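> Next up is a structure, given as structure tokens.
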Amino acid sequence: MSSGIQIKAKTTVQKSKTSSPLQCSPEPAIKPQPKPSDKLNPKTIDPFGAHSRSPSAFAAIYAKGGIPCRLVHGSVKNRLQWECLPETVPFDPLLVALAEGLRETKHPYTFVSKEGFKELLMVEGATEKAIPLLPRLVPVLKAALAHSDDEVFGRGLDALVQLSAVVGPALNDHLKHLLTNLSRRSMDKKFREKITVALQKLEQYGGKASVTIIKSKIPTYRSISS
């Protein structure tokens, strides 16, 4: 062996992998510093944390910066800040992804998905954009309505009413798939009034044809026109 030969250690440089967001420009990959308030909220998690597990498609997309809006903490209430005008964001696949997020139980997923879904449906032309997505939205909302967590069910119910207000009678063909869970939850006193109001909204937006569909699943329902 020659003593003059030096063995140089090889160093491996790992290139950070970046994922392109669904829409708009990506945010800098800066890990947020923990806030004192985080310790007071056991449901708050760091979506960028190395040990965080994504329980849904929405969580995975959000963790990679793929949702073009973020939570802004206000002194009175929280709000969403969009990276671009919501009117310019394609509904497919964002609206479906936000609907997926309704099943989340941790902050900030819960707020971002709920507010994002509502605000996206408020943009001009939302009806034409949302109707083609109904076959994909309905199973996702059904899963939220079937969730054992009361808050998830509440967000799913609110989202259903918001969607009905936008697409109107177009939802009637899918309504029967969503009513079974409402019928089951209506047995719970704490949800009875909220569900009744939701059914009335579904009738209001769905027209007379929706009454027959609702009564087929919930015979005790009383029409707003009766």
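By order in the structure tokens, chains are A, B, ...; within a chain, residues start at 1; ligands start at 1, following the order shown.
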Quick one: residues within 6 Å of stretch 67-72 of chain A, only C-alpha atoms counted, chain neighbours fewer than 5 positions away excluded, as a PyMOL selection string?

chain A and resi 23+62+78-83

> Write a file of the just-selected residues containing N, CA and C atoms, as a compact mmCIF listing (two decimals), in the first residue's frame.


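Result written to selection-v8.txt:
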```txt
# COMPACT_ATOMS: atom_id res chain seq x y z
N GLN A 23 -51.99 26.64 -7.79
CA GLN A 23 -52.19 27.87 -8.53
C GLN A 23 -51.25 28.94 -7.98
N TYR A 62 -51.73 21.02 0.96
CA TYR A 62 -51.47 22.23 1.75
C TYR A 62 -50.04 22.25 2.27
N ASN A 78 -59.83 35.50 12.39
CA ASN A 78 -58.91 35.09 11.33
C ASN A 78 -59.55 35.28 9.96
N ARG A 79 -58.70 35.37 8.95
CA ARG A 79 -59.20 35.51 7.58
C ARG A 79 -58.24 34.82 6.63
N LEU A 80 -58.69 34.68 5.39
CA LEU A 80 -57.85 34.10 4.35
C LEU A 80 -57.21 35.19 3.51
N GLN A 81 -56.00 34.96 3.11
CA GLN A 81 -55.33 35.85 2.17
C GLN A 81 -54.97 35.02 0.95
N TRP A 82 -55.52 35.40 -0.20
CA TRP A 82 -55.29 34.67 -1.44
C TRP A 82 -54.05 35.20 -2.13
N GLU A 83 -53.31 34.32 -2.75
CA GLU A 83 -52.11 34.71 -3.49
C GLU A 83 -52.47 35.39 -4.81
```

> Identify, on the basis of only C-alpha atoms, every residue whose closest approach to stretch 126-130 of chain A does not exceed 10 Å; exclude the query and any residue fewer than 2 positions from it along the same chain; express the result as JSON, numbers by chain.

{"A": [87, 90, 91, 92, 95, 96, 120, 121, 122, 123, 124, 132, 133, 134, 137, 163, 164, 165, 166, 167, 168, 170]}

> Write the residues of the selection above to a file with all heavy atoms, as a compact mmCIF listing (two decimals), in the first residue's frame.


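Done, and the output landed in part-v5.txt:
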```
# COMPACT_ATOMS: atom_id res chain seq x y z
N GLU A 87 -61.21 34.73 -8.36
CA GLU A 87 -61.87 34.64 -9.67
C GLU A 87 -60.97 34.03 -10.73
O GLU A 87 -61.45 33.51 -11.74
CB GLU A 87 -62.32 36.03 -10.13
CG GLU A 87 -63.46 36.64 -9.31
CD GLU A 87 -62.95 37.33 -8.05
OE1 GLU A 87 -61.74 37.27 -7.76
OE2 GLU A 87 -63.78 37.94 -7.34
N PRO A 90 -58.73 28.26 -11.16
CA PRO A 90 -59.58 27.19 -11.70
C PRO A 90 -60.22 26.37 -10.58
O PRO A 90 -59.55 26.00 -9.61
CB PRO A 90 -58.59 26.34 -12.51
CG PRO A 90 -57.45 27.26 -12.82
CD PRO A 90 -57.33 28.16 -11.62
N PHE A 91 -61.50 26.11 -10.71
CA PHE A 91 -62.21 25.32 -9.69
C PHE A 91 -61.72 23.88 -9.65
O PHE A 91 -61.79 23.23 -8.60
CB PHE A 91 -63.71 25.36 -9.96
CG PHE A 91 -64.42 26.53 -9.35
CD1 PHE A 91 -63.84 27.80 -9.35
CD2 PHE A 91 -65.67 26.38 -8.78
CE1 PHE A 91 -64.48 28.88 -8.79
CE2 PHE A 91 -66.33 27.47 -8.21
CZ PHE A 91 -65.74 28.72 -8.23
N ASP A 92 -61.28 23.39 -10.79
CA ASP A 92 -60.79 22.03 -10.87
C ASP A 92 -59.27 22.06 -10.93
O ASP A 92 -58.70 22.60 -11.89
CB ASP A 92 -61.36 21.36 -12.13
CG ASP A 92 -61.03 19.89 -12.24
OD1 ASP A 92 -60.43 19.35 -11.29
OD2 ASP A 92 -61.37 19.28 -13.27
N LEU A 95 -61.53 23.34 -5.84
CA LEU A 95 -62.77 23.24 -5.07
C LEU A 95 -62.92 21.85 -4.47
O LEU A 95 -63.36 21.70 -3.32
CB LEU A 95 -63.98 23.57 -5.95
CG LEU A 95 -65.30 23.69 -5.22
CD1 LEU A 95 -65.28 24.86 -4.24
CD2 LEU A 95 -66.46 23.86 -6.20
N VAL A 96 -62.54 20.83 -5.23
CA VAL A 96 -62.62 19.45 -4.71
C VAL A 96 -61.62 19.25 -3.57
O VAL A 96 -61.92 18.61 -2.57
CB VAL A 96 -62.36 18.44 -5.84
CG1 VAL A 96 -62.41 17.01 -5.30
CG2 VAL A 96 -63.39 18.61 -6.95
N LEU A 120 -64.55 30.59 -2.52
CA LEU A 120 -64.42 30.22 -3.93
C LEU A 120 -65.80 30.14 -4.60
O LEU A 120 -65.95 30.50 -5.77
CB LEU A 120 -63.69 28.88 -4.05
CG LEU A 120 -63.02 28.58 -5.40
CD1 LEU A 120 -62.01 29.67 -5.76
CD2 LEU A 120 -62.31 27.23 -5.34
N LEU A 121 -66.80 29.72 -3.84
CA LEU A 121 -68.15 29.63 -4.39
C LEU A 121 -68.83 31.00 -4.52
O LEU A 121 -69.90 31.11 -5.12
CB LEU A 121 -69.03 28.73 -3.50
CG LEU A 121 -68.76 27.22 -3.59
CD1 LEU A 121 -69.64 26.48 -2.60
CD2 LEU A 121 -68.99 26.71 -5.01
N MET A 122 -68.20 32.03 -3.99
CA MET A 122 -68.77 33.38 -4.06
C MET A 122 -68.30 34.15 -5.28
O MET A 122 -68.80 35.24 -5.54
CB MET A 122 -68.40 34.16 -2.78
CG MET A 122 -69.05 33.61 -1.51
SD MET A 122 -68.40 34.41 0.00
CE MET A 122 -68.93 36.10 -0.26
N VAL A 123 -67.37 33.61 -6.04
CA VAL A 123 -66.83 34.36 -7.17
C VAL A 123 -67.82 34.37 -8.33
O VAL A 123 -68.72 33.52 -8.42
CB VAL A 123 -65.49 33.75 -7.65
CG1 VAL A 123 -64.50 33.68 -6.51
CG2 VAL A 123 -65.69 32.38 -8.27
N GLU A 124 -67.65 35.32 -9.21
CA GLU A 124 -68.51 35.42 -10.38
C GLU A 124 -68.31 34.20 -11.30
O GLU A 124 -67.19 33.77 -11.53
CB GLU A 124 -68.19 36.70 -11.16
CG GLU A 124 -69.10 36.97 -12.33
CD GLU A 124 -68.79 38.27 -13.04
OE1 GLU A 124 -67.92 39.03 -12.52
OE2 GLU A 124 -69.40 38.55 -14.08
N PRO A 132 -70.15 21.16 -13.18
CA PRO A 132 -69.46 19.98 -13.75
C PRO A 132 -68.70 19.16 -12.70
O PRO A 132 -68.37 17.99 -12.95
CB PRO A 132 -68.48 20.60 -14.75
CG PRO A 132 -69.06 21.94 -15.08
CD PRO A 132 -69.68 22.41 -13.82
N LEU A 133 -68.45 19.75 -11.53
CA LEU A 133 -67.69 19.06 -10.49
C LEU A 133 -68.57 18.31 -9.50
O LEU A 133 -68.05 17.64 -8.60
CB LEU A 133 -66.81 20.07 -9.72
CG LEU A 133 -65.75 20.80 -10.54
CD1 LEU A 133 -65.02 21.81 -9.67
CD2 LEU A 133 -64.77 19.82 -11.15
N LEU A 134 -69.88 18.40 -9.64
CA LEU A 134 -70.80 17.77 -8.69
C LEU A 134 -70.55 16.27 -8.51
O LEU A 134 -70.58 15.78 -7.37
CB LEU A 134 -72.25 18.03 -9.09
CG LEU A 134 -72.76 19.46 -8.84
CD1 LEU A 134 -74.20 19.60 -9.35
CD2 LEU A 134 -72.70 19.80 -7.37
N LEU A 137 -67.70 16.24 -6.14
CA LEU A 137 -67.92 16.95 -4.88
C LEU A 137 -68.86 16.19 -3.95
O LEU A 137 -68.65 16.16 -2.72
CB LEU A 137 -68.49 18.34 -5.14
CG LEU A 137 -67.53 19.39 -5.69
CD1 LEU A 137 -68.30 20.64 -6.13
CD2 LEU A 137 -66.49 19.76 -4.64
N LEU A 163 -73.11 25.10 -1.42
CA LEU A 163 -73.07 24.54 -2.76
C LEU A 163 -74.45 24.58 -3.40
O LEU A 163 -74.60 24.92 -4.59
CB LEU A 163 -72.55 23.11 -2.71
CG LEU A 163 -72.40 22.38 -4.05
CD1 LEU A 163 -71.38 23.08 -4.94
CD2 LEU A 163 -72.00 20.91 -3.82
N SER A 164 -75.48 24.24 -2.63
CA SER A 164 -76.85 24.26 -3.14
C SER A 164 -77.27 25.66 -3.59
O SER A 164 -77.94 25.82 -4.61
CB SER A 164 -77.81 23.75 -2.06
OG SER A 164 -79.15 23.82 -2.49
N ALA A 165 -76.84 26.66 -2.84
CA ALA A 165 -77.18 28.04 -3.20
C ALA A 165 -76.57 28.44 -4.53
O ALA A 165 -77.11 29.29 -5.24
CB ALA A 165 -76.70 28.99 -2.09
N VAL A 166 -75.46 27.83 -4.89
CA VAL A 166 -74.75 28.18 -6.12
C VAL A 166 -75.24 27.37 -7.32
O VAL A 166 -75.47 27.92 -8.40
CB VAL A 166 -73.22 27.97 -5.94
CG1 VAL A 166 -72.49 28.13 -7.26
CG2 VAL A 166 -72.68 28.96 -4.92
N VAL A 167 -75.43 26.07 -7.13
CA VAL A 167 -75.78 25.22 -8.28
C VAL A 167 -77.29 25.01 -8.43
O VAL A 167 -77.75 24.53 -9.46
CB VAL A 167 -75.08 23.85 -8.17
CG1 VAL A 167 -73.58 24.03 -8.11
CG2 VAL A 167 -75.59 23.05 -6.96
N GLY A 168 -78.07 25.34 -7.38
CA GLY A 168 -79.53 25.24 -7.47
C GLY A 168 -80.04 23.84 -7.74
O GLY A 168 -79.53 22.85 -7.18
N ALA A 170 -79.52 21.78 -9.94
CA ALA A 170 -78.54 20.82 -10.48
C ALA A 170 -78.10 19.82 -9.41
O ALA A 170 -77.63 18.73 -9.73
CB ALA A 170 -77.32 21.57 -11.03
```

> Taking into account only C-alpha atoms, which residue in the set A:Gln162, A:Ser183, A:Thr220, A:Ser226 is nearest to A:Glu115?

A:Gln162

> Compare A:Ala198, A:Leu175, A:Val89, A:Leu94 by their minimum atom-to-atom distance to A:Gly66, counting only C-alpha atoms, and give me the closest one.

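Of the candidates, the smallest distance to A:Gly66 is held by A:Leu94.
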